[in-house]
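What follows is the content of target03.csv (CSV, C-alpha atoms).
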chain,number,residue,atom,x,y,z
A,251,MET,CA,-26.5,-86.0,-165.1
A,252,LYS,CA,-26.3,-89.7,-165.0
A,253,SER,CA,-27.9,-91.5,-168.0
A,254,LEU,CA,-30.9,-93.8,-167.6
A,255,HIS,CA,-31.2,-97.4,-168.6
A,256,ILE,CA,-34.6,-99.1,-168.8
A,257,GLY,CA,-33.6,-102.6,-169.7
A,258,ASP,CA,-31.6,-102.4,-172.9
A,259,ILE,CA,-32.9,-98.9,-173.7
A,260,PHE,CA,-30.3,-96.2,-173.1
A,261,VAL,CA,-31.7,-92.7,-172.3
A,262,PRO,CA,-28.8,-90.1,-172.4
A,263,ILE,CA,-30.6,-87.5,-170.4
A,264,PRO,CA,-32.7,-88.8,-167.4
A,265,ILE,CA,-35.8,-86.7,-168.3
A,266,ILE,CA,-39.1,-88.2,-169.3
A,267,GLN,CA,-41.7,-85.9,-170.7
A,268,GLY,CA,-45.1,-86.6,-169.1
A,269,GLY,CA,-47.9,-87.8,-171.3
A,270,MET,CA,-50.5,-85.0,-171.4
A,271,GLY,CA,-53.9,-85.3,-173.1
A,272,VAL,CA,-56.1,-84.5,-174.8
A,273,GLY,CA,-53.6,-83.6,-177.6
A,274,ILE,CA,-51.1,-81.7,-175.5
A,275,SER,CA,-48.3,-84.1,-176.1
A,276,LEU,CA,-48.4,-85.6,-179.5
A,277,SER,CA,-45.6,-86.2,-182.1
A,278,GLY,CA,-44.4,-82.6,-182.1
A,279,LEU,CA,-43.5,-82.4,-178.4
A,280,ALA,CA,-42.5,-86.0,-178.0
A,281,SER,CA,-40.1,-85.9,-180.9
A,282,ALA,CA,-38.5,-82.6,-179.7
A,283,VAL,CA,-37.9,-84.1,-176.3
A,284,ALA,CA,-36.5,-87.3,-177.7
A,285,ASN,CA,-34.1,-85.3,-180.0
A,286,MET,CA,-32.7,-83.7,-176.8
A,287,GLY,CA,-31.9,-87.1,-175.3
A,288,GLY,CA,-34.9,-87.5,-173.1
A,289,VAL,CA,-37.9,-89.7,-173.5
A,290,GLY,CA,-40.7,-88.1,-175.5
A,291,VAL,CA,-44.2,-89.4,-174.7
A,292,ILE,CA,-47.4,-89.3,-176.8
A,293,SER,CA,-50.6,-89.3,-174.8
A,294,THR,CA,-53.2,-91.7,-176.2
A,295,VAL,CA,-56.3,-90.4,-174.4
A,296,GLY,CA,-58.8,-89.0,-176.8
A,297,ILE,CA,-56.2,-89.0,-179.6
A,298,GLY,CA,-58.9,-89.8,-182.2
A,299,LEU,CA,-60.9,-86.7,-181.3
A,300,ILE,CA,-58.1,-84.3,-182.4
A,301,GLY,CA,-58.8,-82.2,-185.4
A,302,ASN,CA,-62.6,-82.4,-185.2
A,303,LYS,CA,-62.6,-84.8,-188.1
A,304,PRO,CA,-65.8,-86.8,-188.5
A,305,TYR,CA,-65.5,-90.5,-187.8
A,306,HIS,CA,-67.8,-93.5,-188.0
A,307,SER,CA,-66.0,-95.5,-185.3
A,308,PHE,CA,-64.5,-94.0,-182.1
A,309,LYS,CA,-62.4,-97.2,-181.8
A,310,LYS,CA,-61.0,-97.0,-185.3
A,311,ALA,CA,-60.4,-93.2,-185.1
A,312,ASN,CA,-58.2,-93.6,-182.1
A,313,ILE,CA,-56.2,-96.5,-183.5
A,314,ASP,CA,-55.6,-94.6,-186.8
A,315,ALA,CA,-54.7,-91.4,-185.0
A,316,LEU,CA,-52.2,-93.2,-182.7
A,317,ARG,CA,-50.6,-94.9,-185.6
A,318,THR,CA,-50.3,-91.6,-187.4
A,319,GLU,CA,-48.7,-89.8,-184.4
A,320,ILE,CA,-46.2,-92.6,-183.7
A,321,ARG,CA,-45.1,-92.6,-187.3
A,322,LYS,CA,-44.9,-88.9,-187.5
A,323,ALA,CA,-42.7,-88.8,-184.4
A,324,ARG,CA,-40.5,-91.6,-185.8
A,325,GLU,CA,-39.9,-89.4,-188.9
A,326,LEU,CA,-38.8,-86.5,-186.7
A,327,THR,CA,-36.5,-88.3,-184.3
A,328,LYS,CA,-34.2,-91.3,-183.8
A,329,GLY,CA,-34.6,-90.9,-180.0
A,330,ILE,CA,-36.6,-92.8,-177.4
A,331,LEU,CA,-40.4,-92.6,-177.7
A,332,GLY,CA,-43.1,-93.7,-175.3
A,333,VAL,CA,-46.9,-93.6,-175.0
A,334,ASN,CA,-49.0,-92.9,-172.0
A,335,ILE,CA,-52.1,-95.1,-171.8
A,336,MET,CA,-54.6,-94.5,-168.9
A,337,GLY,CA,-55.9,-97.6,-167.3
A,338,VAL,CA,-59.4,-96.2,-167.2
A,339,LEU,CA,-59.7,-95.9,-171.0
A,340,THR,CA,-62.4,-98.1,-172.5
A,341,ASN,CA,-60.0,-98.6,-175.5
A,342,PHE,CA,-57.0,-99.4,-173.3
A,343,SER,CA,-56.4,-102.7,-175.1
A,344,ASP,CA,-56.6,-101.1,-178.6
A,345,MET,CA,-54.1,-98.5,-177.6
A,346,VAL,CA,-51.7,-101.0,-176.1
A,347,LYS,CA,-51.9,-103.4,-179.1
A,348,THR,CA,-51.4,-100.5,-181.6
A,349,SER,CA,-48.5,-99.1,-179.7
A,350,ILE,CA,-46.7,-102.4,-179.6
A,351,GLU,CA,-47.5,-103.1,-183.3
A,352,GLU,CA,-45.9,-99.7,-184.1
A,353,GLY,CA,-42.8,-100.6,-182.2
A,354,ILE,CA,-43.1,-98.0,-179.5
A,355,ASP,CA,-40.1,-98.1,-177.1
A,356,ILE,CA,-42.0,-97.7,-173.8
A,357,ILE,CA,-45.6,-97.9,-172.5
A,358,PHE,CA,-46.3,-95.8,-169.4
A,359,SER,CA,-49.6,-96.6,-167.8
A,360,GLY,CA,-51.4,-95.1,-164.8
A,361,ALA,CA,-54.9,-93.9,-163.6
A,362,GLY,CA,-55.6,-97.4,-162.4
A,363,LEU,CA,-53.4,-100.5,-161.9
A,364,PRO,CA,-52.5,-102.1,-165.3
A,365,LEU,CA,-52.5,-105.6,-163.9
A,366,ASP,CA,-52.7,-107.4,-167.2
A,367,LEU,CA,-50.4,-105.2,-169.3
A,368,PRO,CA,-47.7,-107.9,-169.8
A,369,LYS,CA,-50.2,-110.2,-171.6
A,370,TYR,CA,-49.8,-108.1,-174.7
A,371,LEU,CA,-46.1,-108.9,-175.0
A,372,ASN,CA,-45.1,-111.8,-177.3
A,373,ASN,CA,-41.7,-113.2,-178.0
A,374,GLY,CA,-39.4,-110.7,-179.7
A,375,ILE,CA,-41.3,-107.6,-178.6
A,376,LYS,CA,-38.9,-105.1,-177.1
A,377,THR,CA,-41.4,-102.6,-175.8
A,378,LYS,CA,-40.8,-101.8,-172.1
A,379,LEU,CA,-43.7,-101.6,-169.6
A,380,VAL,CA,-43.6,-98.8,-167.0
A,381,PRO,CA,-46.5,-98.5,-164.5
A,382,ILE,CA,-47.2,-95.2,-162.9
A,383,VAL,CA,-47.9,-95.6,-159.2
A,384,SER,CA,-48.5,-93.3,-156.2
A,385,SER,CA,-47.6,-95.8,-153.4
A,386,SER,CA,-45.4,-98.7,-152.6
A,387,ARG,CA,-48.5,-100.8,-152.1
A,388,ALA,CA,-49.5,-100.3,-155.7
A,389,ALA,CA,-45.9,-101.1,-156.8
A,390,SER,CA,-45.9,-104.3,-154.8
A,391,ILE,CA,-49.3,-105.4,-156.1
A,392,ILE,CA,-48.2,-104.9,-159.7
A,393,CYS,CA,-44.9,-106.8,-159.1
A,394,LYS,CA,-46.7,-109.7,-157.5
A,395,LYS,CA,-49.5,-110.0,-160.1
A,396,TRP,CA,-47.2,-109.6,-163.1
A,397,LYS,CA,-44.7,-112.1,-161.7
A,398,ASN,CA,-47.3,-114.7,-160.8
A,399,ASN,CA,-49.5,-114.4,-163.9
A,400,PHE,CA,-46.9,-113.5,-166.6
A,401,ASP,CA,-43.5,-114.2,-165.1
A,402,TYR,CA,-42.7,-110.5,-165.8
A,403,LEU,CA,-41.6,-107.6,-163.7
A,404,PRO,CA,-41.9,-103.9,-164.5
A,405,ASP,CA,-39.1,-102.4,-166.5
A,406,ALA,CA,-39.3,-99.3,-164.4
A,407,PHE,CA,-41.7,-97.4,-162.2
A,408,VAL,CA,-42.9,-93.8,-162.4
A,409,VAL,CA,-43.7,-92.8,-158.8
A,410,GLU,CA,-46.0,-89.8,-159.0
A,411,GLY,CA,-46.5,-87.5,-156.0
A,412,PRO,CA,-49.5,-85.3,-155.1
A,413,LYS,CA,-48.2,-82.2,-156.7
A,414,ALA,CA,-48.5,-83.6,-160.3
A,415,GLY,CA,-50.9,-82.2,-162.8
A,416,GLY,CA,-53.9,-84.0,-164.2
A,417,HIS,CA,-55.4,-87.0,-162.5
A,418,LEU,CA,-53.9,-87.9,-159.1
A,419,GLY,CA,-53.7,-91.3,-157.5
A,420,PHE,CA,-54.8,-90.0,-154.1
A,421,LYS,CA,-58.0,-89.3,-152.3
A,422,PRO,CA,-58.6,-85.6,-151.9
A,423,ASP,CA,-57.9,-85.7,-148.1
A,424,GLU,CA,-54.5,-87.4,-148.8
A,425,LEU,CA,-53.1,-84.7,-151.0
A,426,GLU,CA,-51.7,-82.6,-148.2
A,427,SER,CA,-50.5,-85.4,-146.0
A,428,ASP,CA,-46.8,-85.2,-145.1
A,429,SER,CA,-46.6,-89.0,-145.4
A,430,ASN,CA,-47.6,-88.7,-149.1
A,431,ASN,CA,-45.0,-86.2,-150.2
A,432,LEU,CA,-42.9,-87.3,-153.1
A,433,SER,CA,-39.7,-88.0,-151.1
A,434,ASN,CA,-41.5,-90.4,-148.8
A,435,ILE,CA,-43.3,-92.2,-151.6
A,436,LEU,CA,-40.1,-92.4,-153.6
A,437,GLY,CA,-38.3,-94.0,-150.7
A,438,ASP,CA,-41.0,-96.6,-150.2
A,439,VAL,CA,-41.1,-97.5,-153.9
A,440,LEU,CA,-37.3,-97.7,-154.0
A,441,GLN,CA,-37.5,-100.3,-151.3
A,442,VAL,CA,-39.9,-102.4,-153.5
A,443,SER,CA,-37.4,-102.0,-156.3
A,444,LYS,CA,-34.5,-103.2,-154.1
A,445,GLU,CA,-36.6,-106.2,-153.0
A,446,MET,CA,-37.3,-107.2,-156.6
A,447,GLN,CA,-33.6,-106.9,-157.4
A,448,ALA,CA,-32.6,-109.1,-154.4
A,449,THR,CA,-35.3,-111.7,-155.1
A,450,TYR,CA,-35.3,-111.9,-158.9
A,451,GLY,CA,-32.2,-110.1,-160.0
A,452,LYS,CA,-34.0,-107.5,-162.1
A,453,ASN,CA,-33.1,-103.8,-161.9
A,454,ILE,CA,-36.2,-101.7,-161.8
A,455,PRO,CA,-35.2,-98.0,-162.0
A,456,VAL,CA,-37.6,-95.6,-160.3
A,457,ILE,CA,-38.6,-92.3,-162.0
A,458,ALA,CA,-39.8,-89.5,-159.8
A,459,ALA,CA,-42.7,-87.3,-160.9
A,460,GLY,CA,-45.1,-84.6,-159.6
A,461,GLY,CA,-44.1,-81.0,-158.8
A,462,ILE,CA,-40.6,-81.3,-160.2
A,463,TYR,CA,-40.0,-78.1,-162.1
A,464,SER,CA,-36.4,-77.0,-162.0
A,465,GLY,CA,-32.9,-78.6,-162.4
A,466,SER,CA,-32.5,-78.0,-158.6
A,467,ASP,CA,-35.7,-80.1,-158.0
A,468,MET,CA,-34.2,-82.8,-160.3
A,469,PHE,CA,-30.9,-82.8,-158.4
A,470,GLU,CA,-32.7,-83.0,-155.0
A,471,ILE,CA,-34.9,-86.0,-155.9
A,472,MET,CA,-32.3,-87.8,-157.8
A,473,ASP,CA,-29.9,-87.4,-154.9
A,474,GLN,CA,-32.6,-89.3,-152.9
A,475,GLY,CA,-32.3,-92.3,-155.2
A,476,ALA,CA,-34.5,-91.5,-158.3
A,477,SER,CA,-32.9,-92.7,-161.5
A,478,ALA,CA,-34.7,-90.0,-163.6
A,479,VAL,CA,-37.5,-87.5,-163.4
A,480,GLN,CA,-40.8,-87.0,-165.3
A,481,LEU,CA,-41.8,-83.5,-166.2
A,482,GLY,CA,-45.0,-82.3,-167.8
A,483,THR,CA,-45.8,-78.7,-166.8
A,484,ARG,CA,-42.3,-77.5,-167.8
A,485,PHE,CA,-42.9,-78.6,-171.4
A,486,VAL,CA,-46.4,-77.2,-172.0
A,487,ALA,CA,-45.3,-73.6,-172.7
A,488,THR,CA,-42.9,-74.6,-175.5
A,489,TYR,CA,-43.1,-73.9,-179.2
A,490,GLU,CA,-43.1,-77.6,-179.9
A,491,CYS,CA,-45.9,-78.5,-177.6
A,492,ASP,CA,-48.9,-79.7,-179.6
A,493,ALA,CA,-51.5,-77.6,-177.8
A,494,SER,CA,-52.8,-74.2,-179.1
A,495,ASP,CA,-51.1,-71.0,-178.2
A,496,GLU,CA,-54.2,-70.1,-176.1
A,497,PHE,CA,-53.7,-73.2,-174.0
A,498,LYS,CA,-50.1,-72.3,-173.5
A,499,GLU,CA,-50.9,-68.8,-172.5
A,500,THR,CA,-53.2,-70.2,-169.8
A,501,TYR,CA,-50.0,-71.4,-168.1
A,502,VAL,CA,-48.1,-68.1,-168.7
A,503,GLN,CA,-50.9,-66.0,-167.3
A,504,SER,CA,-51.7,-68.2,-164.3
A,505,ASP,CA,-50.8,-67.4,-160.7
A,506,LEU,CA,-50.6,-69.5,-157.6
A,507,SER,CA,-54.3,-68.8,-156.6
A,508,ASP,CA,-55.4,-70.3,-160.0
A,509,ILE,CA,-54.1,-73.8,-159.3
A,510,LYS,CA,-56.9,-75.8,-157.8
A,511,ILE,CA,-58.0,-79.4,-157.2
A,512,ILE,CA,-61.2,-80.5,-158.9
A,513,LYS,CA,-63.3,-83.7,-158.8
A,514,SER,CA,-62.9,-85.2,-162.3
A,515,PRO,CA,-65.5,-87.2,-164.2
A,516,VAL,CA,-62.8,-89.9,-164.3
A,517,GLY,CA,-63.4,-90.4,-160.6
A,518,LEU,CA,-60.1,-89.1,-159.4
A,519,PRO,CA,-59.0,-85.7,-158.1
A,520,GLY,CA,-57.2,-83.6,-160.7
A,521,ARG,CA,-55.0,-80.5,-160.5
A,522,THR,CA,-56.1,-77.7,-162.9
A,523,ILE,CA,-55.7,-74.0,-163.7
A,524,PHE,CA,-59.2,-73.1,-162.5
A,525,ASN,CA,-61.3,-71.1,-164.9
A,526,ASN,CA,-64.8,-70.0,-165.8
A,527,PHE,CA,-65.7,-73.3,-167.4
A,528,LEU,CA,-64.9,-75.2,-164.3
A,529,SER,CA,-66.8,-72.6,-162.2
A,530,GLU,CA,-69.8,-73.1,-164.4
A,531,ALA,CA,-69.5,-76.8,-164.2
A,532,GLU,CA,-69.5,-76.7,-160.4
A,533,LYS,CA,-72.8,-74.8,-160.7
A,534,GLY,CA,-74.3,-77.6,-162.8
A,535,ASN,CA,-74.3,-75.5,-166.0
A,536,ARG,CA,-72.1,-77.9,-168.1
A,537,LYS,CA,-74.0,-81.2,-167.8
A,538,PRO,CA,-73.8,-83.2,-171.0
A,539,LEU,CA,-76.9,-84.3,-172.8
A,540,GLY,CA,-75.5,-87.8,-173.2
A,541,CYS,CA,-72.3,-89.7,-173.8
A,542,LYS,CA,-70.9,-89.3,-177.3
A,543,HIS,CA,-67.7,-91.3,-176.9
A,544,ASN,CA,-67.9,-93.8,-174.0
A,545,CYS,CA,-64.1,-93.2,-173.6
A,546,ILE,CA,-63.7,-93.5,-169.8
A,547,SER,CA,-64.8,-96.7,-168.0
A,548,THR,CA,-65.3,-94.9,-164.7
A,549,CYS,CA,-67.3,-91.9,-166.0
A,550,ASN,CA,-71.1,-91.9,-165.5
A,551,PRO,CA,-72.7,-89.6,-168.0
A,552,LYS,CA,-75.9,-89.4,-165.8
A,553,THR,CA,-74.1,-87.9,-162.9
A,554,THR,CA,-71.0,-86.2,-164.4
A,555,MET,CA,-70.8,-82.4,-164.3
A,556,TYR,CA,-69.3,-82.2,-167.8
A,557,CYS,CA,-67.9,-84.3,-170.6
A,558,ILE,CA,-64.2,-84.3,-169.9
A,559,ALA,CA,-63.3,-85.5,-173.5
A,560,GLU,CA,-65.1,-82.6,-175.1
A,561,ALA,CA,-63.7,-80.1,-172.5
A,562,LEU,CA,-60.1,-81.2,-173.1
A,563,VAL,CA,-60.5,-81.2,-176.9
A,564,GLN,CA,-61.9,-77.6,-176.7
A,565,ALA,CA,-59.0,-76.6,-174.5
A,566,TYR,CA,-56.4,-78.2,-176.9
A,567,SER,CA,-58.0,-76.2,-179.7
A,568,GLY,CA,-57.8,-72.9,-177.7
A,569,ASN,CA,-61.4,-72.5,-176.8
A,570,MET,CA,-60.8,-72.1,-173.0
A,571,GLU,CA,-64.4,-70.9,-172.5
A,572,LYS,CA,-65.5,-74.5,-173.2
A,573,GLY,CA,-62.6,-76.3,-171.6
A,574,PHE,CA,-59.8,-76.1,-169.1
A,575,ALA,CA,-56.1,-77.0,-168.6
A,576,PHE,CA,-54.7,-79.6,-166.3
A,577,ALA,CA,-51.5,-78.4,-164.7
A,578,GLY,CA,-48.9,-79.3,-162.0
A,579,ALA,CA,-48.6,-77.4,-158.7
A,580,ASN,CA,-45.8,-75.2,-160.1
A,581,ALA,CA,-47.5,-74.1,-163.3
A,582,TYR,CA,-47.7,-70.6,-162.0
A,583,LEU,CA,-43.9,-70.4,-162.4
A,584,VAL,CA,-44.2,-70.5,-166.2
A,585,ASP,CA,-43.7,-66.9,-167.4
A,586,LYS,CA,-43.1,-67.3,-171.2
A,587,ILE,CA,-43.3,-69.6,-174.1
A,588,THR,CA,-39.9,-71.0,-175.1
A,589,SER,CA,-38.3,-73.9,-176.9
A,590,VAL,CA,-37.8,-77.5,-175.7
A,591,ALA,CA,-34.0,-77.0,-176.3
A,592,GLU,CA,-34.1,-74.0,-174.0
A,593,VAL,CA,-35.9,-75.9,-171.3
A,594,PHE,CA,-33.3,-78.6,-171.5
A,595,ARG,CA,-30.5,-76.0,-171.3
A,596,MET,CA,-32.0,-74.4,-168.3
A,597,LEU,CA,-32.6,-77.7,-166.5
A,598,LYS,CA,-29.0,-78.8,-167.1
A,599,GLU,CA,-27.7,-75.4,-165.9
A,600,GLU,CA,-29.9,-75.5,-162.8
A,601,TYR,CA,-28.9,-79.1,-162.1
A,602,LEU,CA,-25.2,-78.3,-162.3
A,603,ALA,CA,-25.6,-75.3,-160.0
A,604,ALA,CA,-27.3,-77.5,-157.4
A,605,ARG,CA,-24.5,-80.0,-157.6
A,606,ILE,CA,-21.9,-77.3,-157.1
A,607,GLN,CA,-23.8,-75.9,-154.2
A,608,ALA,CA,-23.9,-79.4,-152.6
A,609,ASN,CA,-20.1,-79.5,-153.0
A,610,LEU,CA,-20.3,-82.6,-155.3
A,611,ILE,CA,-18.1,-80.9,-158.0

Please re-express this file's structure in structure tokens.
Amino acid sequence: MKSLHIGDIFVPIPIIQGGMGVGISLSGLASAVANMGGVGVISTVGIGLIGNKPYHSFKKANIDALRTEIRKARELTKGILGVNIMGVLTNFSDMVKTSIEEGIDIIFSGAGLPLDLPKYLNNGIKTKLVPIVSSSRAASIICKKWKNNFDYLPDAFVVEGPKAGGHLGFKPDELESDSNNLSNILGDVLQVSKEMQATYGKNIPVIAAGGIYSGSDMFEIMDQGASAVQLGTRFVATYECDASDEFKETYVQSDLSDIKIIKSPVGLPGRTIFNNFLSEAEKGNRKPLGCKHNCISTCNPKTTMYCIAEALVQAYSGNMEKGFAFAGANAYLVDKITSVAEVFRMLKEEYLAARIQANLI
């Protein structure tokens, strides 16, 4: 596999581990992936709710927890670490500032266009900024706004297709459209990257995400021009994943019919492993009494079917009767819990086999 360069950051293996919250990708998973030569990513969403510790300030609890997880990860690896910060978080600014203060290598940001992200960079800061987009239009808007307002361009793009897990940057009726498949979107965003290179001389690598599961998938999408891939689902059922064993077993026990799209309180469609909790929520039996955390700017507690923060914390803890798991379209392919090292070994083996089959070796 070709290595990945994001500015002056060298990533030996072109694999980024997707940021998965609440609590699914913390220091344990992120450091394990970084130690294998990829980019390990800590999810910041709801990070202060992990452990059910009492707190007086939701804001401070999240800042303290993020500092703790970044420092724990740094103790466990000398590799590349990133954070994933959703644009719809009410504490977006706190999470960005804290990550930069802690010297994080890369900030990945999606679930909305992070149009002001570069304003947090000061002279001497080496943190790289990588927006997550689902269209060339979003990529172009970000480039234009960042260049005009901050004289800065993205250090890379993650282009996420409709087969990803979690929140999706598409309308529900767009998810099955051929024009929105990952290959097509990748080609469009690569064109934006080429235009930025030609106009401003900055190389913006494009990382493909959404539905990529095997080394063969990696080879195919990288052969189409992606510089790297982002994987989430493949890393959930690993010993190092920070979620409970019950959460991981949800993946192992799932089949294709369990993978369904829901309407999330965030205001976006989301891909999940459908379960009894979500069924009860659709019937109106999980409505919250109020808003405890005010964590998502787009969530209306008066109309939401359930509190997504509470549901995801419960799932992280293993109480799947009170929560659920987000998952990619290929989650049903997971058949056992294994190690991050074994996942990397299998991906490399599958990638090499695909190269040989394509007569490139």

**Request:** Pick out the residues sitting within 12 Å of Gly268 in chain A, and hand them over as a ChimeraX atom specification; count all atoms listed in the file, and ignore anything fewer than 6 positions along from it in its own chain.
**Result:** /A:274-276,279-280,283,288-294,331-335,357-360,382,408,410,414-416,457-462,479-486,491,577-578

**Message:** Set the distance at 9 Å and use all atoms listed in the file: which residues neighbour Tyr489 in chain A once local chain neighbours fewer than 6 positions away are removed? I'd like the list as a PyMOL selection string.
**Reply:** chain A and resi 279+495+587-590

**Request:** Can you pull out every residue within 12 Å of Ala493 in chain A, counting only C-alpha atoms, but drop anything in the same chain fewer than 5 positions away, and send it as a PyMOL selection string?
**Result:** chain A and resi 270-279+300-301+485-488+498-501+562-570+575

**Message:** Please determine, counting only C-alpha atoms, which residue among A:Ile509, A:Leu583, A:Cys545, A:Val261 has the shortest atom-to-atom distance to Lys309 in chain A.
**Reply:** A:Cys545

**Request:** Find the spatial neighbours of Lys444 in chain A, counting only C-alpha atoms, within a cut-off of 9 Å - ignore same-chain residues fewer than 4 positions away - and output them as a list in words.
**Result:** Val439, Leu440, Ala448, Thr449, Asn453 and Ile454 of chain A

**Request:** Compile the contact shell of Leu436 in chain A as a ChimeraX atom specification: residues with an atom at most 8 Å away, counting all atoms listed in the file, same-chain residues fewer than 4 positions apart removed.
**Result:** /A:409,432,440,456,458,475-476

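Separating CA of Asp405 in chain A from CA of Leu379 in chain A is a distance of 5.6 Å.
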
**One-decimal distance in Å that lies between CA of Lys421 in chain A and CA of Val346 in chain A** = 27.3 Å

**Prompt:** With only C-alpha atoms as the atoms that count, which of A:Arg521, A:Lys572, A:Arg317, A:His306 lies nearest to Phe420 in chain A?
**Reply:** A:Arg521

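Between CA of Leu326 in chain A and CA of Lys586 in chain A the interatomic distance comes to 25.0 Å.
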
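Using all atoms listed in the file, the nearest neighbour of Leu254 in chain A within the list A:Gly329, A:Pro551, A:Gly287, A:Pro412 is A:Gly287.
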
Because some atoms of range 423-440 of chain A are absent here, can you restore N, CA and C atoms and send them as a PDB file, in the frame of the given file?
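So the final result, stored in result04.pdb, reads:
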ATOM      1  N   ASP A 423     -58.397 -85.986-149.475  1.00  0.00           N
ATOM      2  CA  ASP A 423     -57.900 -85.700-148.100  1.00  0.00           C
ATOM      3  C   ASP A 423     -56.462 -86.175-147.920  1.00  0.00           C
ATOM      4  N   GLU A 424     -55.905 -86.891-148.907  1.00  0.00           N
ATOM      5  CA  GLU A 424     -54.500 -87.400-148.800  1.00  0.00           C
ATOM      6  C   GLU A 424     -53.504 -86.488-149.434  1.00  0.00           C
ATOM      7  N   LEU A 425     -53.970 -85.501-150.200  1.00  0.00           N
ATOM      8  CA  LEU A 425     -53.100 -84.700-151.000  1.00  0.00           C
ATOM      9  C   LEU A 425     -52.107 -83.851-150.187  1.00  0.00           C
ATOM     10  N   GLU A 426     -52.537 -83.418-149.004  1.00  0.00           N
ATOM     11  CA  GLU A 426     -51.700 -82.600-148.200  1.00  0.00           C
ATOM     12  C   GLU A 426     -50.995 -83.299-147.059  1.00  0.00           C
ATOM     13  N   SER A 427     -51.140 -84.596-147.014  1.00  0.00           N
ATOM     14  CA  SER A 427     -50.500 -85.400-146.000  1.00  0.00           C
ATOM     15  C   SER A 427     -49.007 -85.441-146.140  1.00  0.00           C
ATOM     16  N   ASP A 428     -48.258 -85.193-145.065  1.00  0.00           N
ATOM     17  CA  ASP A 428     -46.800 -85.200-145.100  1.00  0.00           C
ATOM     18  C   ASP A 428     -46.301 -86.618-145.541  1.00  0.00           C
ATOM     19  N   SER A 429     -47.022 -87.651-145.119  1.00  0.00           N
ATOM     20  CA  SER A 429     -46.600 -89.000-145.400  1.00  0.00           C
ATOM     21  C   SER A 429     -46.666 -89.298-146.934  1.00  0.00           C
ATOM     22  N   ASN A 430     -47.470 -88.501-147.659  1.00  0.00           N
ATOM     23  CA  ASN A 430     -47.600 -88.700-149.100  1.00  0.00           C
ATOM     24  C   ASN A 430     -46.777 -87.795-149.940  1.00  0.00           C
ATOM     25  N   ASN A 431     -45.829 -87.076-149.332  1.00  0.00           N
ATOM     26  CA  ASN A 431     -45.000 -86.200-150.200  1.00  0.00           C
ATOM     27  C   ASN A 431     -44.094 -87.114-151.046  1.00  0.00           C
ATOM     28  N   LEU A 432     -43.609 -86.551-152.135  1.00  0.00           N
ATOM     29  CA  LEU A 432     -42.900 -87.300-153.100  1.00  0.00           C
ATOM     30  C   LEU A 432     -41.672 -88.033-152.554  1.00  0.00           C
ATOM     31  N   SER A 433     -40.943 -87.354-151.685  1.00  0.00           N
ATOM     32  CA  SER A 433     -39.700 -88.000-151.100  1.00  0.00           C
ATOM     33  C   SER A 433     -40.049 -89.234-150.350  1.00  0.00           C
ATOM     34  N   ASN A 434     -41.121 -89.190-149.559  1.00  0.00           N
ATOM     35  CA  ASN A 434     -41.500 -90.400-148.800  1.00  0.00           C
ATOM     36  C   ASN A 434     -41.955 -91.523-149.674  1.00  0.00           C
ATOM     37  N   ILE A 435     -42.799 -91.192-150.661  1.00  0.00           N
ATOM     38  CA  ILE A 435     -43.300 -92.200-151.600  1.00  0.00           C
ATOM     39  C   ILE A 435     -42.143 -92.826-152.368  1.00  0.00           C
ATOM     40  N   LEU A 436     -41.242 -91.962-152.829  1.00  0.00           N
ATOM     41  CA  LEU A 436     -40.100 -92.400-153.600  1.00  0.00           C
ATOM     42  C   LEU A 436     -39.282 -93.438-152.764  1.00  0.00           C
ATOM     43  N   GLY A 437     -39.013 -93.112-151.509  1.00  0.00           N
ATOM     44  CA  GLY A 437     -38.300 -94.000-150.700  1.00  0.00           C
ATOM     45  C   GLY A 437     -38.929 -95.366-150.511  1.00  0.00           C
ATOM     46  N   ASP A 438     -40.252 -95.356-150.381  1.00  0.00           N
ATOM     47  CA  ASP A 438     -41.000 -96.600-150.200  1.00  0.00           C
ATOM     48  C   ASP A 438     -40.947 -97.456-151.510  1.00  0.00           C
ATOM     49  N   VAL A 439     -41.099 -96.797-152.666  1.00  0.00           N
ATOM     50  CA  VAL A 439     -41.100 -97.500-153.900  1.00  0.00           C
ATOM     51  C   VAL A 439     -39.662 -98.018-154.246  1.00  0.00           C
ATOM     52  N   LEU A 440     -38.658 -97.243-153.864  1.00  0.00           N
ATOM     53  CA  LEU A 440     -37.300 -97.700-154.000  1.00  0.00           C
ATOM     54  C   LEU A 440     -37.029 -98.982-153.245  1.00  0.00           C
TER      55      LEU A 440
END
